[in-house]
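Here is the file my_file-v7.cif (mmCIF, N, CA and C atoms).
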```cif
data_query
loop_
_atom_site.label_atom_id
_atom_site.label_comp_id
_atom_site.auth_asym_id
_atom_site.auth_seq_id
_atom_site.Cartn_x
_atom_site.Cartn_y
_atom_site.Cartn_z
N MET A 15 21.47 -11.22 32.69
CA MET A 15 22.41 -10.26 32.13
C MET A 15 22.84 -10.71 30.75
N ALA A 16 23.02 -9.76 29.88
CA ALA A 16 23.45 -10.07 28.52
C ALA A 16 24.88 -10.60 28.52
N MET A 17 25.18 -11.36 27.50
CA MET A 17 26.53 -11.90 27.39
C MET A 17 27.55 -10.78 27.26
N SER A 18 27.14 -9.62 26.80
CA SER A 18 28.07 -8.51 26.61
C SER A 18 28.43 -7.83 27.92
N GLY A 19 27.62 -8.02 28.98
CA GLY A 19 27.87 -7.37 30.25
C GLY A 19 27.43 -5.91 30.29
N VAL A 20 26.81 -5.44 29.22
CA VAL A 20 26.34 -4.06 29.15
C VAL A 20 25.01 -3.98 29.88
N LYS A 21 24.86 -2.95 30.74
CA LYS A 21 23.63 -2.80 31.53
C LYS A 21 23.02 -1.42 31.32
N PRO A 22 21.69 -1.32 31.43
CA PRO A 22 21.05 0.00 31.32
C PRO A 22 21.30 0.84 32.57
N THR A 23 21.43 2.14 32.38
CA THR A 23 21.60 3.05 33.50
C THR A 23 20.25 3.29 34.18
N GLU A 24 20.30 3.91 35.34
CA GLU A 24 19.07 4.28 36.05
C GLU A 24 18.25 5.26 35.21
N ALA A 25 18.94 6.12 34.45
CA ALA A 25 18.25 7.09 33.58
C ALA A 25 17.39 6.38 32.53
N CYS A 26 17.82 5.22 32.06
CA CYS A 26 17.03 4.44 31.10
C CYS A 26 15.70 4.03 31.73
N MET A 27 15.77 3.54 32.96
CA MET A 27 14.56 3.08 33.63
C MET A 27 13.61 4.25 33.93
N THR A 28 14.17 5.37 34.35
CA THR A 28 13.36 6.55 34.62
C THR A 28 12.67 7.02 33.35
N THR A 29 13.41 7.06 32.24
CA THR A 29 12.85 7.49 30.96
C THR A 29 11.78 6.51 30.49
N TYR A 30 12.02 5.22 30.65
CA TYR A 30 11.01 4.23 30.27
C TYR A 30 9.72 4.46 31.05
N ASN A 31 9.83 4.65 32.36
CA ASN A 31 8.64 4.90 33.17
C ASN A 31 7.95 6.20 32.80
N ASP A 32 8.75 7.21 32.44
CA ASP A 32 8.18 8.49 32.00
C ASP A 32 7.34 8.31 30.72
N ILE A 33 7.77 7.41 29.86
CA ILE A 33 7.04 7.15 28.61
C ILE A 33 5.85 6.22 28.86
N GLN A 34 6.11 5.12 29.55
CA GLN A 34 5.06 4.11 29.72
C GLN A 34 3.96 4.54 30.67
N LYS A 35 4.32 5.05 31.83
CA LYS A 35 3.32 5.36 32.85
C LYS A 35 2.85 6.81 32.80
N SER A 36 3.78 7.73 32.69
CA SER A 36 3.45 9.15 32.80
C SER A 36 3.13 9.81 31.47
N LYS A 37 3.50 9.14 30.35
CA LYS A 37 3.27 9.71 29.01
C LYS A 37 3.93 11.09 28.86
N LYS A 38 5.11 11.25 29.46
CA LYS A 38 5.82 12.54 29.40
C LYS A 38 6.50 12.78 28.06
N HIS A 39 6.94 11.70 27.42
CA HIS A 39 7.69 11.81 26.17
C HIS A 39 7.04 10.93 25.11
N ARG A 40 7.28 11.26 23.83
CA ARG A 40 6.81 10.43 22.72
C ARG A 40 7.77 9.25 22.52
N TYR A 41 9.08 9.54 22.63
CA TYR A 41 10.07 8.49 22.38
C TYR A 41 11.37 8.79 23.10
N ALA A 42 12.24 7.78 23.11
CA ALA A 42 13.59 7.94 23.64
C ALA A 42 14.55 7.15 22.75
N ILE A 43 15.76 7.69 22.61
CA ILE A 43 16.83 7.03 21.87
C ILE A 43 17.91 6.67 22.88
N PHE A 44 18.41 5.45 22.79
CA PHE A 44 19.43 4.96 23.70
C PHE A 44 20.67 4.55 22.92
N LEU A 45 21.84 4.70 23.56
CA LEU A 45 23.07 4.24 22.95
C LEU A 45 23.92 3.55 24.00
N ILE A 46 24.91 2.80 23.54
CA ILE A 46 25.84 2.13 24.44
C ILE A 46 27.06 3.02 24.58
N ARG A 47 27.35 3.40 25.84
CA ARG A 47 28.51 4.26 26.13
C ARG A 47 29.67 3.40 26.64
N ASP A 48 30.83 3.64 26.09
CA ASP A 48 32.08 3.00 26.55
C ASP A 48 31.99 1.47 26.61
N GLU A 49 31.14 0.89 25.79
CA GLU A 49 30.94 -0.56 25.75
C GLU A 49 30.57 -1.14 27.11
N LYS A 50 30.01 -0.30 28.01
CA LYS A 50 29.70 -0.75 29.37
C LYS A 50 28.26 -0.55 29.77
N GLN A 51 27.62 0.54 29.28
CA GLN A 51 26.27 0.82 29.75
C GLN A 51 25.39 1.40 28.65
N ILE A 52 24.12 1.08 28.75
CA ILE A 52 23.11 1.64 27.85
C ILE A 52 22.59 2.90 28.52
N ASP A 53 22.62 4.01 27.80
CA ASP A 53 22.23 5.28 28.38
C ASP A 53 21.27 6.02 27.45
N VAL A 54 20.55 6.98 28.00
CA VAL A 54 19.62 7.80 27.23
C VAL A 54 20.43 8.83 26.43
N GLU A 55 20.18 8.87 25.13
CA GLU A 55 20.83 9.87 24.28
C GLU A 55 19.91 11.06 24.05
N LYS A 56 18.63 10.78 23.85
CA LYS A 56 17.69 11.85 23.50
C LYS A 56 16.27 11.40 23.82
N VAL A 57 15.43 12.37 24.19
CA VAL A 57 14.00 12.09 24.34
C VAL A 57 13.23 13.03 23.44
N GLY A 58 12.11 12.54 22.93
CA GLY A 58 11.26 13.34 22.05
C GLY A 58 10.01 13.79 22.79
N ASP A 59 9.65 15.06 22.63
CA ASP A 59 8.43 15.60 23.23
C ASP A 59 7.21 14.84 22.74
N ARG A 60 6.12 14.95 23.48
CA ARG A 60 4.87 14.29 23.09
C ARG A 60 4.38 14.76 21.72
N ASN A 61 4.70 16.00 21.35
CA ASN A 61 4.22 16.51 20.06
C ASN A 61 5.18 16.18 18.91
N ASN A 62 6.29 15.51 19.19
CA ASN A 62 7.17 15.06 18.11
C ASN A 62 6.49 13.91 17.37
N ASP A 63 6.89 13.70 16.12
CA ASP A 63 6.27 12.63 15.34
C ASP A 63 7.27 11.56 14.95
N TYR A 64 6.79 10.60 14.18
CA TYR A 64 7.63 9.45 13.81
C TYR A 64 8.85 9.86 12.99
N ASN A 65 8.72 10.89 12.15
CA ASN A 65 9.87 11.35 11.36
C ASN A 65 10.97 11.92 12.26
N ASP A 66 10.59 12.60 13.34
CA ASP A 66 11.58 13.09 14.31
C ASP A 66 12.32 11.90 14.94
N TYR A 67 11.55 10.88 15.29
CA TYR A 67 12.12 9.67 15.89
C TYR A 67 13.15 9.03 14.95
N LYS A 68 12.76 8.86 13.69
CA LYS A 68 13.66 8.25 12.71
C LYS A 68 14.95 9.05 12.56
N ARG A 69 14.82 10.36 12.48
CA ARG A 69 15.99 11.22 12.33
C ARG A 69 16.93 11.08 13.54
N ASP A 70 16.37 11.03 14.74
CA ASP A 70 17.18 10.90 15.95
C ASP A 70 17.79 9.51 16.09
N LEU A 71 17.12 8.51 15.55
CA LEU A 71 17.59 7.13 15.62
C LEU A 71 18.76 6.88 14.66
N MET A 72 18.70 7.46 13.48
CA MET A 72 19.67 7.19 12.42
C MET A 72 20.90 8.10 12.55
N GLN A 73 21.81 7.70 13.42
CA GLN A 73 23.02 8.48 13.68
C GLN A 73 24.21 7.90 12.91
N LYS A 74 25.27 8.69 12.88
CA LYS A 74 26.51 8.27 12.21
C LYS A 74 27.63 8.12 13.23
N ASP A 75 28.55 7.21 12.95
CA ASP A 75 29.78 7.05 13.71
C ASP A 75 30.88 7.40 12.72
N GLY A 76 31.25 8.66 12.69
CA GLY A 76 32.14 9.14 11.63
C GLY A 76 31.39 9.09 10.32
N GLN A 77 31.89 8.34 9.35
CA GLN A 77 31.23 8.18 8.06
C GLN A 77 30.26 7.00 8.04
N ALA A 78 30.42 6.08 8.99
CA ALA A 78 29.61 4.86 9.00
C ALA A 78 28.28 5.08 9.73
N ASP A 79 27.26 4.34 9.31
CA ASP A 79 25.99 4.36 10.04
C ASP A 79 26.23 3.76 11.43
N ASP A 80 25.45 4.23 12.40
CA ASP A 80 25.65 3.77 13.78
C ASP A 80 24.39 3.07 14.29
N CYS A 81 24.55 2.26 15.30
CA CYS A 81 23.45 1.52 15.91
C CYS A 81 22.86 2.34 17.06
N ARG A 82 21.58 2.09 17.33
CA ARG A 82 20.87 2.72 18.44
C ARG A 82 19.71 1.82 18.84
N TYR A 83 19.18 2.07 20.03
CA TYR A 83 17.91 1.50 20.45
C TYR A 83 16.90 2.64 20.51
N GLY A 84 15.66 2.33 20.16
CA GLY A 84 14.61 3.34 20.25
C GLY A 84 13.39 2.78 20.96
N LEU A 85 12.75 3.63 21.75
CA LEU A 85 11.52 3.28 22.44
C LEU A 85 10.49 4.32 22.02
N TYR A 86 9.32 3.88 21.54
CA TYR A 86 8.35 4.82 20.98
C TYR A 86 6.94 4.47 21.46
N ASP A 87 6.21 5.48 21.90
CA ASP A 87 4.81 5.33 22.27
C ASP A 87 3.98 5.70 21.04
N TYR A 88 3.56 4.68 20.33
CA TYR A 88 2.91 4.86 19.02
C TYR A 88 1.40 4.88 19.17
N GLU A 89 0.77 5.92 18.66
CA GLU A 89 -0.68 6.04 18.73
C GLU A 89 -1.27 5.93 17.33
N TYR A 90 -2.41 5.24 17.24
CA TYR A 90 -3.09 5.08 15.96
C TYR A 90 -4.57 4.83 16.21
N LYS A 91 -5.35 4.94 15.15
CA LYS A 91 -6.79 4.69 15.23
C LYS A 91 -7.06 3.23 14.86
N PHE A 92 -7.92 2.60 15.64
CA PHE A 92 -8.29 1.21 15.41
C PHE A 92 -9.80 1.15 15.19
N SER A 93 -10.19 0.51 14.10
CA SER A 93 -11.62 0.41 13.76
C SER A 93 -12.03 -1.04 13.65
N PRO A 94 -12.49 -1.65 14.76
CA PRO A 94 -12.96 -3.03 14.66
C PRO A 94 -14.24 -3.07 13.82
N ASP A 95 -14.50 -4.22 13.21
CA ASP A 95 -15.68 -4.37 12.33
C ASP A 95 -16.95 -3.87 12.99
N GLY A 96 -17.63 -2.96 12.31
CA GLY A 96 -18.92 -2.48 12.76
C GLY A 96 -18.89 -1.60 14.00
N ALA A 97 -17.73 -1.23 14.45
CA ALA A 97 -17.65 -0.41 15.66
C ALA A 97 -16.99 0.93 15.33
N GLU A 98 -17.21 1.86 16.22
CA GLU A 98 -16.61 3.18 16.07
C GLU A 98 -15.10 3.07 16.26
N SER A 99 -14.34 3.89 15.55
CA SER A 99 -12.90 3.81 15.70
C SER A 99 -12.48 4.35 17.07
N ILE A 100 -11.45 3.71 17.60
CA ILE A 100 -10.92 4.10 18.91
C ILE A 100 -9.43 4.38 18.78
N ASN A 101 -8.91 5.18 19.70
CA ASN A 101 -7.48 5.45 19.71
C ASN A 101 -6.76 4.34 20.46
N ARG A 102 -5.67 3.90 19.90
CA ARG A 102 -4.84 2.87 20.51
C ARG A 102 -3.43 3.43 20.71
N SER A 103 -2.75 2.91 21.70
CA SER A 103 -1.36 3.28 21.96
C SER A 103 -0.58 2.01 22.27
N LYS A 104 0.53 1.82 21.57
CA LYS A 104 1.40 0.67 21.83
C LYS A 104 2.83 1.16 21.90
N ILE A 105 3.54 0.67 22.88
CA ILE A 105 4.95 1.03 23.03
C ILE A 105 5.79 -0.06 22.38
N PHE A 106 6.69 0.36 21.49
CA PHE A 106 7.60 -0.62 20.90
C PHE A 106 9.04 -0.26 21.21
N LEU A 107 9.86 -1.30 21.29
CA LEU A 107 11.30 -1.17 21.49
C LEU A 107 11.97 -1.65 20.22
N MET A 108 12.84 -0.82 19.68
CA MET A 108 13.47 -1.13 18.41
C MET A 108 15.00 -1.19 18.55
N SER A 109 15.57 -2.18 17.92
CA SER A 109 17.01 -2.25 17.78
C SER A 109 17.34 -1.84 16.36
N TRP A 110 18.06 -0.73 16.21
CA TRP A 110 18.45 -0.22 14.89
C TRP A 110 19.93 -0.53 14.70
N CYS A 111 20.21 -1.54 13.91
CA CYS A 111 21.58 -1.93 13.58
C CYS A 111 21.67 -2.07 12.07
N PRO A 112 21.92 -0.95 11.38
CA PRO A 112 21.96 -1.01 9.92
C PRO A 112 23.07 -1.94 9.43
N ASP A 113 22.79 -2.61 8.32
CA ASP A 113 23.77 -3.53 7.73
C ASP A 113 25.10 -2.83 7.44
N SER A 114 25.03 -1.52 7.20
CA SER A 114 26.22 -0.75 6.84
C SER A 114 27.03 -0.27 8.05
N SER A 115 26.58 -0.57 9.28
CA SER A 115 27.34 -0.12 10.45
C SER A 115 28.52 -1.06 10.71
N LYS A 116 29.42 -0.61 11.57
CA LYS A 116 30.63 -1.39 11.86
C LYS A 116 30.26 -2.70 12.55
N ILE A 117 30.96 -3.76 12.16
CA ILE A 117 30.62 -5.11 12.63
C ILE A 117 30.71 -5.23 14.15
N LYS A 118 31.71 -4.61 14.76
CA LYS A 118 31.88 -4.68 16.21
C LYS A 118 30.68 -4.02 16.91
N LYS A 119 30.21 -2.91 16.37
CA LYS A 119 29.04 -2.21 16.94
C LYS A 119 27.81 -3.10 16.83
N LYS A 120 27.61 -3.70 15.67
CA LYS A 120 26.44 -4.55 15.47
C LYS A 120 26.43 -5.71 16.46
N MET A 121 27.59 -6.30 16.67
CA MET A 121 27.69 -7.43 17.60
C MET A 121 27.38 -6.98 19.03
N LEU A 122 27.92 -5.83 19.43
CA LEU A 122 27.69 -5.32 20.78
C LEU A 122 26.22 -4.99 21.01
N TYR A 123 25.61 -4.30 20.05
CA TYR A 123 24.20 -3.93 20.18
C TYR A 123 23.29 -5.16 20.15
N SER A 124 23.60 -6.12 19.30
CA SER A 124 22.80 -7.34 19.23
C SER A 124 22.89 -8.13 20.53
N ALA A 125 24.09 -8.25 21.07
CA ALA A 125 24.30 -9.02 22.30
C ALA A 125 23.68 -8.34 23.51
N SER A 126 23.52 -7.03 23.47
CA SER A 126 23.02 -6.28 24.63
C SER A 126 21.51 -6.02 24.58
N PHE A 127 20.87 -6.27 23.45
CA PHE A 127 19.47 -5.93 23.27
C PHE A 127 18.55 -6.65 24.25
N GLU A 128 18.85 -7.91 24.52
CA GLU A 128 18.00 -8.70 25.42
C GLU A 128 17.95 -8.09 26.82
N THR A 129 19.05 -7.50 27.27
CA THR A 129 19.08 -6.86 28.58
C THR A 129 18.06 -5.73 28.65
N LEU A 130 17.99 -4.94 27.60
CA LEU A 130 17.04 -3.83 27.56
C LEU A 130 15.60 -4.36 27.49
N GLN A 131 15.41 -5.41 26.71
CA GLN A 131 14.06 -6.01 26.60
C GLN A 131 13.58 -6.48 27.97
N LYS A 132 14.45 -7.12 28.73
CA LYS A 132 14.07 -7.62 30.06
C LYS A 132 13.83 -6.48 31.04
N ALA A 133 14.58 -5.40 30.91
CA ALA A 133 14.44 -4.26 31.81
C ALA A 133 13.13 -3.51 31.57
N PHE A 134 12.72 -3.42 30.31
CA PHE A 134 11.53 -2.65 29.94
C PHE A 134 10.29 -3.55 29.92
N VAL A 135 9.83 -3.94 31.08
CA VAL A 135 8.65 -4.80 31.21
C VAL A 135 7.42 -4.02 30.76
N GLY A 136 6.61 -4.61 29.89
CA GLY A 136 5.40 -3.96 29.44
C GLY A 136 5.46 -3.42 28.02
N VAL A 137 6.60 -3.59 27.35
CA VAL A 137 6.70 -3.18 25.95
C VAL A 137 5.81 -4.11 25.13
N HIS A 138 5.01 -3.55 24.22
CA HIS A 138 4.09 -4.35 23.43
C HIS A 138 4.77 -5.13 22.31
N LYS A 139 5.74 -4.51 21.66
CA LYS A 139 6.40 -5.16 20.52
C LYS A 139 7.89 -4.86 20.55
N VAL A 140 8.66 -5.82 20.10
CA VAL A 140 10.10 -5.66 19.92
C VAL A 140 10.37 -5.78 18.43
N ILE A 141 11.07 -4.80 17.88
CA ILE A 141 11.30 -4.75 16.44
C ILE A 141 12.80 -4.67 16.16
N GLN A 142 13.28 -5.52 15.26
CA GLN A 142 14.66 -5.48 14.78
C GLN A 142 14.65 -4.75 13.45
N ALA A 143 15.45 -3.72 13.30
CA ALA A 143 15.52 -2.98 12.05
C ALA A 143 16.96 -2.95 11.56
N ASN A 144 17.16 -3.41 10.32
CA ASN A 144 18.51 -3.47 9.76
C ASN A 144 18.70 -2.62 8.52
N ASP A 145 17.62 -2.13 7.95
CA ASP A 145 17.76 -1.17 6.85
C ASP A 145 16.57 -0.21 6.90
N GLU A 146 16.63 0.83 6.09
CA GLU A 146 15.63 1.89 6.17
C GLU A 146 14.21 1.41 5.90
N SER A 147 14.05 0.35 5.10
CA SER A 147 12.69 -0.15 4.84
C SER A 147 12.06 -0.69 6.12
N ASP A 148 12.89 -1.23 7.04
CA ASP A 148 12.38 -1.71 8.32
C ASP A 148 11.90 -0.57 9.21
N LEU A 149 12.41 0.64 8.94
CA LEU A 149 12.06 1.81 9.74
C LEU A 149 10.83 2.54 9.23
N GLU A 150 10.38 2.21 8.02
CA GLU A 150 9.24 2.93 7.45
C GLU A 150 8.03 2.84 8.38
N GLN A 151 7.35 3.94 8.55
CA GLN A 151 6.23 4.01 9.48
C GLN A 151 5.15 2.97 9.17
N ASN A 152 4.83 2.77 7.89
CA ASN A 152 3.77 1.80 7.58
C ASN A 152 4.21 0.37 7.91
N ALA A 153 5.50 0.05 7.78
CA ALA A 153 5.99 -1.28 8.14
C ALA A 153 5.89 -1.50 9.65
N VAL A 154 6.25 -0.47 10.41
CA VAL A 154 6.17 -0.56 11.87
C VAL A 154 4.71 -0.66 12.32
N GLU A 155 3.85 0.17 11.73
CA GLU A 155 2.44 0.13 12.12
C GLU A 155 1.81 -1.22 11.79
N GLU A 156 2.21 -1.82 10.69
CA GLU A 156 1.70 -3.14 10.33
C GLU A 156 2.06 -4.17 11.41
N ILE A 157 3.28 -4.09 11.93
CA ILE A 157 3.71 -5.00 13.00
C ILE A 157 2.87 -4.75 14.26
N LEU A 158 2.66 -3.47 14.59
CA LEU A 158 1.90 -3.13 15.79
C LEU A 158 0.43 -3.53 15.69
N ARG A 159 -0.13 -3.48 14.48
CA ARG A 159 -1.55 -3.81 14.27
C ARG A 159 -1.78 -5.31 14.12
N ALA A 160 -0.73 -6.09 14.01
CA ALA A 160 -0.85 -7.52 13.69
C ALA A 160 -1.78 -8.26 14.66
N ASN A 161 -1.78 -7.91 15.92
CA ASN A 161 -2.60 -8.62 16.90
C ASN A 161 -3.94 -7.96 17.18
N ASP A 162 -4.26 -6.84 16.52
CA ASP A 162 -5.54 -6.20 16.72
C ASP A 162 -6.65 -7.09 16.17
N ARG A 163 -7.75 -7.17 16.90
CA ARG A 163 -8.88 -7.95 16.41
C ARG A 163 -9.56 -7.16 15.29
N LYS A 164 -9.95 -7.86 14.27
CA LYS A 164 -10.56 -7.20 13.11
C LYS A 164 -11.94 -6.80 13.42
#
```
Could you write out this structure as structure tokens?
Amino acid sequence: MAMSGVKPTEACMTTYNDIQKSKKHRYAIFLIRDEKQIDVEKVGDRNNDYNDYKRDLMQKDGQADDCRYGLYDYEYKFSPDGAESINRSKIFLMSWCPDSSKIKKKMLYSASFETLQKAFVGVHKVIQANDESDLEQNAVEEILRANDRK
């Protein structure tokens, strides 16, 4: 359990399984409710794209930027040397805690992230994002491709 005591709801686990096993959704956005539980805020259809994900992830708390967790089933083409290109899919879990968000929120989300990582067994990559450059699609894809054989 995380030091924060925040736990994912059953809906988080159902949504994770819907993405990982059933491929029902492209992505999910999670938030911490009442400083007690991680819950599903939004899911993206399979035909949604990375820009939809970014828009749903980047929320505001009044005037301040807000923190969120995101889970995304990312698909891309992989072309190993001398071979035909193949489609690849990797699921990543992202912690979005912009530097401009409230300090208490950043601390709560940072302290609770490990709980979500442990709950979501089978995630390929875990990504920490603190500013918009960390969210750029090419930066994320570079991280996901890092272990692909050339």
Non-local contacts of Ala160 of chain A (12 Å; only C-alpha atoms; under 4 positions in same chain excluded) as number ranges by chain:
A: 92, 104, 138-139, 153-156, 164
The distance between atom CA of Asp145 of chain A and atom C of Pro112 of chain A is 6.0 Å
Selection near Ala42 of chain A, 6.5 Å with all atoms listed in the file, sequence-local residues under 4 positions removed, as number ranges by chain
A: 55-58, 83-86
Go ahead and save the picked residues with N, CA and C atoms, as a short mmCIF file (atom, residue, chain, number, x, y, z; two decimals), in the frame of the given file.
```cif
data_model
loop_
_atom_site.label_atom_id
_atom_site.label_comp_id
_atom_site.auth_asym_id
_atom_site.auth_seq_id
_atom_site.Cartn_x
_atom_site.Cartn_y
_atom_site.Cartn_z
N GLU A 55 20.18 8.87 25.13
CA GLU A 55 20.83 9.87 24.28
C GLU A 55 19.91 11.06 24.05
N LYS A 56 18.63 10.78 23.85
CA LYS A 56 17.69 11.85 23.50
C LYS A 56 16.27 11.40 23.82
N VAL A 57 15.43 12.37 24.19
CA VAL A 57 14.00 12.09 24.34
C VAL A 57 13.23 13.03 23.44
N GLY A 58 12.11 12.54 22.93
CA GLY A 58 11.26 13.34 22.05
C GLY A 58 10.01 13.79 22.79
N TYR A 83 19.18 2.07 20.03
CA TYR A 83 17.91 1.50 20.45
C TYR A 83 16.90 2.64 20.51
N GLY A 84 15.66 2.33 20.16
CA GLY A 84 14.61 3.34 20.25
C GLY A 84 13.39 2.78 20.96
N LEU A 85 12.75 3.63 21.75
CA LEU A 85 11.52 3.28 22.44
C LEU A 85 10.49 4.32 22.02
N TYR A 86 9.32 3.88 21.54
CA TYR A 86 8.35 4.82 20.98
C TYR A 86 6.94 4.47 21.46
#
```
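Here atom CA of Trp110 of chain A stands at a distance of 5.2 Å from atom CA of Arg82 of chain A.
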Going by the chain IDs and residue numbers used in this file, which residues fall under the PyMOL selection byres ((chain A and resi 39) around 8)? Write them as a list in words.
Thr29, Asn31, Asp32, Ile33, Gln34, Ser36, Lys37, Lys38, Arg40, Tyr41, Ala42, Val57, Gly58, Asp59, Arg60, Asn61, Asn62, Tyr86 and Asp87 of chain A
Got time to write the residues from that selection, N, CA and C atoms, as a PDB file, keeping the file's coordinate frame?
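So again-v2.pdb came out as:
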```pdb
ATOM      1  N   THR A  29      13.410   7.060  32.240  1.00  0.00           N
ATOM      2  CA  THR A  29      12.850   7.490  30.960  1.00  0.00           C
ATOM      3  C   THR A  29      11.780   6.510  30.490  1.00  0.00           C
ATOM      4  N   ASN A  31       9.830   4.650  32.360  1.00  0.00           N
ATOM      5  CA  ASN A  31       8.640   4.900  33.170  1.00  0.00           C
ATOM      6  C   ASN A  31       7.950   6.200  32.800  1.00  0.00           C
ATOM      7  N   ASP A  32       8.750   7.210  32.440  1.00  0.00           N
ATOM      8  CA  ASP A  32       8.180   8.490  32.000  1.00  0.00           C
ATOM      9  C   ASP A  32       7.340   8.310  30.720  1.00  0.00           C
ATOM     10  N   ILE A  33       7.770   7.410  29.860  1.00  0.00           N
ATOM     11  CA  ILE A  33       7.040   7.150  28.610  1.00  0.00           C
ATOM     12  C   ILE A  33       5.850   6.220  28.860  1.00  0.00           C
ATOM     13  N   GLN A  34       6.110   5.120  29.550  1.00  0.00           N
ATOM     14  CA  GLN A  34       5.060   4.110  29.720  1.00  0.00           C
ATOM     15  C   GLN A  34       3.960   4.540  30.670  1.00  0.00           C
ATOM     16  N   SER A  36       3.780   7.730  32.690  1.00  0.00           N
ATOM     17  CA  SER A  36       3.450   9.150  32.800  1.00  0.00           C
ATOM     18  C   SER A  36       3.130   9.810  31.470  1.00  0.00           C
ATOM     19  N   LYS A  37       3.500   9.140  30.350  1.00  0.00           N
ATOM     20  CA  LYS A  37       3.270   9.710  29.010  1.00  0.00           C
ATOM     21  C   LYS A  37       3.930  11.090  28.860  1.00  0.00           C
ATOM     22  N   LYS A  38       5.110  11.250  29.460  1.00  0.00           N
ATOM     23  CA  LYS A  38       5.820  12.540  29.400  1.00  0.00           C
ATOM     24  C   LYS A  38       6.500  12.780  28.060  1.00  0.00           C
ATOM     25  N   ARG A  40       7.280  11.260  23.830  1.00  0.00           N
ATOM     26  CA  ARG A  40       6.810  10.430  22.720  1.00  0.00           C
ATOM     27  C   ARG A  40       7.770   9.250  22.520  1.00  0.00           C
ATOM     28  N   TYR A  41       9.080   9.540  22.630  1.00  0.00           N
ATOM     29  CA  TYR A  41      10.070   8.490  22.380  1.00  0.00           C
ATOM     30  C   TYR A  41      11.370   8.790  23.100  1.00  0.00           C
ATOM     31  N   ALA A  42      12.240   7.780  23.110  1.00  0.00           N
ATOM     32  CA  ALA A  42      13.590   7.940  23.640  1.00  0.00           C
ATOM     33  C   ALA A  42      14.550   7.150  22.750  1.00  0.00           C
ATOM     34  N   VAL A  57      15.430  12.370  24.190  1.00  0.00           N
ATOM     35  CA  VAL A  57      14.000  12.090  24.340  1.00  0.00           C
ATOM     36  C   VAL A  57      13.230  13.030  23.440  1.00  0.00           C
ATOM     37  N   GLY A  58      12.110  12.540  22.930  1.00  0.00           N
ATOM     38  CA  GLY A  58      11.260  13.340  22.050  1.00  0.00           C
ATOM     39  C   GLY A  58      10.010  13.790  22.790  1.00  0.00           C
ATOM     40  N   ASP A  59       9.650  15.060  22.630  1.00  0.00           N
ATOM     41  CA  ASP A  59       8.430  15.600  23.230  1.00  0.00           C
ATOM     42  C   ASP A  59       7.210  14.840  22.740  1.00  0.00           C
ATOM     43  N   ARG A  60       6.120  14.950  23.480  1.00  0.00           N
ATOM     44  CA  ARG A  60       4.870  14.290  23.090  1.00  0.00           C
ATOM     45  C   ARG A  60       4.380  14.760  21.720  1.00  0.00           C
ATOM     46  N   ASN A  61       4.700  16.000  21.350  1.00  0.00           N
ATOM     47  CA  ASN A  61       4.220  16.510  20.060  1.00  0.00           C
ATOM     48  C   ASN A  61       5.180  16.180  18.910  1.00  0.00           C
ATOM     49  N   ASN A  62       6.290  15.510  19.190  1.00  0.00           N
ATOM     50  CA  ASN A  62       7.170  15.060  18.110  1.00  0.00           C
ATOM     51  C   ASN A  62       6.490  13.910  17.370  1.00  0.00           C
ATOM     52  N   TYR A  86       9.320   3.880  21.540  1.00  0.00           N
ATOM     53  CA  TYR A  86       8.350   4.820  20.980  1.00  0.00           C
ATOM     54  C   TYR A  86       6.940   4.470  21.460  1.00  0.00           C
ATOM     55  N   ASP A  87       6.210   5.480  21.900  1.00  0.00           N
ATOM     56  CA  ASP A  87       4.810   5.330  22.270  1.00  0.00           C
ATOM     57  C   ASP A  87       3.980   5.700  21.040  1.00  0.00           C
TER      58      ASP A  87
END
```
Using the chain letters and residue numbers of this document, give as a ChimeraX atom specification the residues selected by the PyMOL selection byres ((chain A and resi 91) around 6.5).
/A:89-90,92-93,99-102
